[in-house]
Amino acid sequence: MFTGIITDVGRVRSIERSGDTLFTIETVFDMETVPIGASIANNGVCLTVVDKGPGWFAVQASGETLSKTTLGGWTEGTRVNLERALKMGDELGGHIVSGHVDGVARVMDVRPDGESVRLTFEAPVDLARFVAPKGSVALDGVSLTVNEVDGALFGVNIIPHTQVATTFGQLKPGDAVNMEIDMLARYVARLVAQP
């Protein structure tokens with residue numbers, strides 16, 4: 001489990017495609033404290049550390065993961081929002097994020113809003129009903145509060161800190177982001193659908 005509070009912006013060092021895809025990610029994380037088999041959210045995708053060294057770790061992504069997320073479009077040099085898994089007693093500063101991406105949203109508009117940036121996204125049609133004003137959503141692993149919703153479109157504000165501490169300062173219209181709906185919304189929808 002994660003909180004959607006990004007603690008490093010890493011960079012894809014290398015990609016090896018053979019069967020599953022092996023990504024090597026550069027990071028400032030102290031990798032001596034990260035065991036093999038640990039989970040790290042990479043742009044919101046929970047992946048298992050399969051190898052590591054000082055300043056880097058490697059993760060594998062299956063064809064299924066590549067087809068359902070933005071990871072298939074990564075290249076060497078791609079910047080990646082990183083978050084280590086929660087430990088008991090950690091502060092829960094964002095919202096509960098599982099690292100199981102539900103779909104890919106698209107950036108539709110980017111515009112200044114005071115010192116912040118207002119981003120408008122288009123959710124996949126089947127996920128739009130799970131997005132609510134003042135609700136939570138995780139985009140590329142970042143916990144965000146939804147400002148407004150209009151059909152499949154929804155807006156969020158990105159404060160200056162988040163622009164610098166994540167990859168969001170570089171987003172532009174047409175970019176794709178991994179989207180995880182709020183876990184509470186998922187279960188409420190399931191309960192409402194029950195006879």
# chains A, B, ... in the order shown; residues from 1 in each chain; ligands from 1
call {"tool": "closest_atom_pairs", "arguments": {"of": "stretch 36-129 of chain A", "to": "stretch 14-22 of chain A", "cutoff": "7 Å", "atoms": "only C-alpha atoms", "output": "JSON lines"}}
result
{"residue": "A:Ala58", "atom": "CA", "partner": "A:Leu22", "partner_atom": "CA", "distance": 6.6}
{"residue": "A:Val59", "atom": "CA", "partner": "A:Leu22", "partner_atom": "CA", "distance": 5.7}
{"residue": "A:Gln60", "atom": "CA", "partner": "A:Leu22", "partner_atom": "CA", "distance": 4.5}
{"residue": "A:Ala61", "atom": "CA", "partner": "A:Thr21", "partner_atom": "CA", "distance": 5.2}
{"residue": "A:Ser62", "atom": "CA", "partner": "A:Asp20", "partner_atom": "CA", "distance": 4.8}
{"residue": "A:Gly63", "atom": "CA", "partner": "A:Asp20", "partner_atom": "CA", "distance": 6.4}
{"residue": "A:Glu76", "atom": "CA", "partner": "A:Ser14", "partner_atom": "CA", "distance": 5.5}
call {"tool": "residues_around", "arguments": {"residues": "stretch 124-136 of chain A", "least_positions_apart": "6", "cutoff": "8 Å", "atoms": "only C-alpha atoms", "output": "list in words"}}
result
His95, Asp102, Gly103, Val104, Ala105, Ser143, Leu144, Thr145, Val146, Asn147, Glu148, Val149, Gly151, Ala152, Leu153, Phe154, Ile181, Asp182, Ala185, Arg186 and Ala189 of chain A
call {"tool": "write_last_selection", "arguments": {"atoms": "all heavy atoms", "output": "short mmCIF file (atom, residue, chain, number, x, y, z; two decimals), in the first residue's frame"}}
result
data_model
loop_
_atom_site.label_atom_id
_atom_site.label_comp_id
_atom_site.auth_asym_id
_atom_site.auth_seq_id
_atom_site.Cartn_x
_atom_site.Cartn_y
_atom_site.Cartn_z
N HIS A 95 -3.82 9.60 0.36
CA HIS A 95 -4.95 8.70 0.60
C HIS A 95 -4.45 7.28 0.32
O HIS A 95 -3.34 7.10 -0.18
CB HIS A 95 -6.16 9.07 -0.26
CG HIS A 95 -6.05 8.79 -1.72
ND1 HIS A 95 -5.34 9.60 -2.61
CD2 HIS A 95 -6.55 7.79 -2.48
CE1 HIS A 95 -5.43 9.11 -3.83
NE2 HIS A 95 -6.15 8.01 -3.78
N ASP A 102 -6.01 1.42 -12.69
CA ASP A 102 -7.31 1.07 -13.27
C ASP A 102 -7.39 1.41 -14.75
O ASP A 102 -8.18 0.82 -15.48
CB ASP A 102 -8.43 1.81 -12.53
CG ASP A 102 -8.54 1.33 -11.09
OD1 ASP A 102 -8.86 0.15 -10.89
OD2 ASP A 102 -8.31 2.15 -10.18
N GLY A 103 -6.61 2.38 -15.20
CA GLY A 103 -6.66 2.79 -16.60
C GLY A 103 -5.73 3.95 -16.85
O GLY A 103 -4.97 4.36 -15.96
N VAL A 104 -5.79 4.47 -18.06
CA VAL A 104 -4.92 5.57 -18.47
C VAL A 104 -5.79 6.78 -18.79
O VAL A 104 -6.72 6.69 -19.60
CB VAL A 104 -4.07 5.18 -19.69
CG1 VAL A 104 -3.26 6.35 -20.21
CG2 VAL A 104 -3.13 4.02 -19.32
N ALA A 105 -5.50 7.91 -18.12
CA ALA A 105 -6.20 9.17 -18.39
C ALA A 105 -5.32 10.04 -19.28
O ALA A 105 -4.10 9.83 -19.36
CB ALA A 105 -6.50 9.90 -17.08
N SER A 143 -1.26 11.44 -5.18
CA SER A 143 -2.57 11.62 -4.56
C SER A 143 -3.04 13.05 -4.80
O SER A 143 -2.37 14.01 -4.44
CB SER A 143 -2.47 11.37 -3.04
OG SER A 143 -3.69 11.71 -2.41
N LEU A 144 -4.21 13.18 -5.44
CA LEU A 144 -4.74 14.50 -5.78
C LEU A 144 -6.20 14.60 -5.38
O LEU A 144 -6.93 13.61 -5.38
CB LEU A 144 -4.60 14.74 -7.29
CG LEU A 144 -3.16 14.79 -7.81
CD1 LEU A 144 -3.15 14.66 -9.32
CD2 LEU A 144 -2.48 16.07 -7.36
N THR A 145 -6.63 15.82 -5.09
CA THR A 145 -8.03 16.12 -4.81
C THR A 145 -8.67 16.64 -6.09
O THR A 145 -8.14 17.54 -6.74
CB THR A 145 -8.17 17.18 -3.70
OG1 THR A 145 -7.53 16.68 -2.52
CG2 THR A 145 -9.62 17.49 -3.41
N VAL A 146 -9.80 16.07 -6.45
CA VAL A 146 -10.53 16.48 -7.66
C VAL A 146 -11.27 17.77 -7.36
O VAL A 146 -11.97 17.88 -6.36
CB VAL A 146 -11.52 15.37 -8.08
CG1 VAL A 146 -12.36 15.83 -9.28
CG2 VAL A 146 -10.78 14.08 -8.40
N ASN A 147 -11.12 18.76 -8.24
CA ASN A 147 -11.82 20.05 -8.08
C ASN A 147 -13.22 20.01 -8.66
O ASN A 147 -14.18 20.39 -8.00
CB ASN A 147 -11.04 21.18 -8.73
CG ASN A 147 -9.78 21.50 -7.99
OD1 ASN A 147 -9.67 21.28 -6.79
ND2 ASN A 147 -8.78 22.00 -8.70
N GLU A 148 -13.33 19.61 -9.92
CA GLU A 148 -14.62 19.58 -10.57
C GLU A 148 -14.67 18.41 -11.55
O GLU A 148 -13.62 17.91 -11.98
CB GLU A 148 -14.92 20.89 -11.31
CG GLU A 148 -14.11 21.13 -12.59
CD GLU A 148 -12.71 21.66 -12.35
OE1 GLU A 148 -12.50 22.32 -11.32
OE2 GLU A 148 -11.83 21.40 -13.17
N VAL A 149 -15.90 18.01 -11.88
CA VAL A 149 -16.12 16.90 -12.80
C VAL A 149 -17.18 17.32 -13.81
O VAL A 149 -18.19 17.92 -13.45
CB VAL A 149 -16.59 15.64 -12.04
CG1 VAL A 149 -16.88 14.50 -13.01
CG2 VAL A 149 -15.57 15.21 -11.00
N GLY A 151 -18.72 15.09 -16.85
CA GLY A 151 -18.70 13.86 -17.64
C GLY A 151 -17.41 13.11 -17.35
O GLY A 151 -17.10 12.81 -16.21
N ALA A 152 -16.64 12.83 -18.40
CA ALA A 152 -15.37 12.12 -18.24
C ALA A 152 -14.22 13.08 -17.94
O ALA A 152 -13.10 12.64 -17.67
CB ALA A 152 -15.06 11.31 -19.50
N LEU A 153 -14.47 14.40 -17.98
CA LEU A 153 -13.43 15.39 -17.69
C LEU A 153 -13.41 15.73 -16.21
O LEU A 153 -14.46 15.85 -15.59
CB LEU A 153 -13.65 16.66 -18.51
CG LEU A 153 -13.62 16.52 -20.02
CD1 LEU A 153 -13.92 17.87 -20.66
CD2 LEU A 153 -12.29 15.97 -20.51
N PHE A 154 -12.21 15.88 -15.67
CA PHE A 154 -12.09 16.34 -14.28
C PHE A 154 -10.83 17.18 -14.14
O PHE A 154 -9.87 17.04 -14.90
CB PHE A 154 -12.08 15.16 -13.29
CG PHE A 154 -10.90 14.24 -13.40
CD1 PHE A 154 -9.77 14.42 -12.60
CD2 PHE A 154 -10.91 13.19 -14.31
CE1 PHE A 154 -8.69 13.56 -12.69
CE2 PHE A 154 -9.82 12.32 -14.41
CZ PHE A 154 -8.71 12.51 -13.60
N ILE A 181 -8.43 4.84 -9.36
CA ILE A 181 -9.58 5.45 -8.70
C ILE A 181 -9.47 5.24 -7.19
O ILE A 181 -8.76 4.36 -6.72
CB ILE A 181 -10.91 4.90 -9.25
CG1 ILE A 181 -11.02 3.39 -9.01
CG2 ILE A 181 -11.07 5.26 -10.71
CD1 ILE A 181 -12.36 2.80 -9.38
N ASP A 182 -10.20 6.06 -6.45
CA ASP A 182 -10.21 5.96 -5.00
C ASP A 182 -10.79 4.61 -4.58
O ASP A 182 -11.83 4.19 -5.08
CB ASP A 182 -11.03 7.11 -4.42
CG ASP A 182 -11.05 7.09 -2.91
OD1 ASP A 182 -9.97 7.16 -2.30
OD2 ASP A 182 -12.15 6.99 -2.35
N ALA A 185 -14.40 4.65 -3.44
CA ALA A 185 -15.36 4.75 -4.55
C ALA A 185 -15.58 3.39 -5.20
O ALA A 185 -16.71 3.04 -5.56
CB ALA A 185 -14.87 5.75 -5.59
N ARG A 186 -14.53 2.62 -5.31
CA ARG A 186 -14.63 1.28 -5.92
C ARG A 186 -15.58 0.39 -5.10
O ARG A 186 -16.46 -0.27 -5.64
CB ARG A 186 -13.24 0.65 -5.97
CG ARG A 186 -13.18 -0.72 -6.58
CD ARG A 186 -11.81 -1.39 -6.42
NE ARG A 186 -10.69 -0.49 -6.37
CZ ARG A 186 -9.95 -0.14 -7.42
NH1 ARG A 186 -10.24 -0.61 -8.61
NH2 ARG A 186 -8.91 0.66 -7.28
N ALA A 189 -19.32 1.62 -5.12
CA ALA A 189 -19.96 1.25 -6.39
C ALA A 189 -20.33 -0.22 -6.39
O ALA A 189 -21.41 -0.62 -6.85
CB ALA A 189 -19.05 1.58 -7.56
#
call {"tool": "select_by_dssp", "arguments": {"residues": "stretch 111-195 of chain A", "states": "alpha helix (DSSP H)", "output": "PyMOL selection string"}}
result
chain A and resi 160-165+183-193
call {"tool": "write_last_selection", "arguments": {"atoms": "C-alpha atoms", "output": "JSON list (two decimals), in the first residue's frame"}}
result
[["chain", "number", "residue", "atom", "x", "y", "z"],
["A", 160, "PRO", "CA", 4.28, 24.78, -6.97],
["A", 161, "HIS", "CA", 5.77, 22.16, -4.60],
["A", 162, "THR", "CA", 4.05, 19.31, -6.46],
["A", 163, "GLN", "CA", 5.14, 20.75, -9.81],
["A", 164, "VAL", "CA", 8.78, 20.47, -8.69],
["A", 165, "ALA", "CA", 8.60, 17.30, -6.52],
["A", 183, "MET", "CA", -10.53, 2.61, -3.23],
["A", 184, "LEU", "CA", -13.58, 3.82, -1.28],
["A", 185, "ALA", "CA", -15.36, 4.75, -4.55],
["A", 186, "ARG", "CA", -14.63, 1.28, -5.92],
["A", 187, "TYR", "CA", -16.24, -0.48, -2.95],
["A", 188, "VAL", "CA", -19.20, 1.88, -2.70],
["A", 189, "ALA", "CA", -19.96, 1.25, -6.39],
["A", 190, "ARG", "CA", -19.76, -2.48, -5.81],
["A", 191, "LEU", "CA", -22.10, -2.32, -2.81],
["A", 192, "VAL", "CA", -24.62, -0.15, -4.68],
["A", 193, "ALA", "CA", -24.61, -2.63, -7.59]]
call {"tool": "residues_around", "arguments": {"residues": "A:Gly10", "least_positions_apart": "4", "cutoff": "12 Å", "atoms": "only C-alpha atoms", "output": "PyMOL selection string"}}
result
chain A and resi 6+23-29+40-43+55-58+76-83+165-167
call {"tool": "residues_around", "arguments": {"residues": "A:Pro35", "least_positions_apart": "5", "cutoff": "10 Å", "atoms": "only C-alpha atoms", "output": "list in words"}}
result
Thr48, Val49, Val50, Asp51 and Lys52 of chain A
call {"tool": "closest_residue", "arguments": {"among": "A:Val107, A:Val9, A:Met1, A:Val142", "to": "A:Ser39", "atoms": "only C-alpha atoms"}}
result
A:Met1
call {"tool": "closest_residue", "arguments": {"among": "A:Gly37, A:Gly141, A:Gly94, A:Pro112", "to": "A:Met179", "atoms": "only C-alpha atoms"}}
result
A:Gly141
call {"tool": "atom_distance", "arguments": {"atom1": "atom CA of A:Arg118", "atom2": "atom CA of A:Leu47"}}
result
29.5 Å
call {"tool": "atom_distance", "arguments": {"atom1": "atom CA of A:Ser98", "atom2": "atom CA of A:Arg84"}}
result
11.8 Å
call {"tool": "residues_around", "arguments": {"residues": "A:Leu171", "least_positions_apart": "2", "cutoff": "12 Å", "atoms": "only C-alpha atoms", "output": "PyMOL selection string"}}
result
chain A and resi 79+106-111+117-121+139-140+158+163-164+166-169+173-177
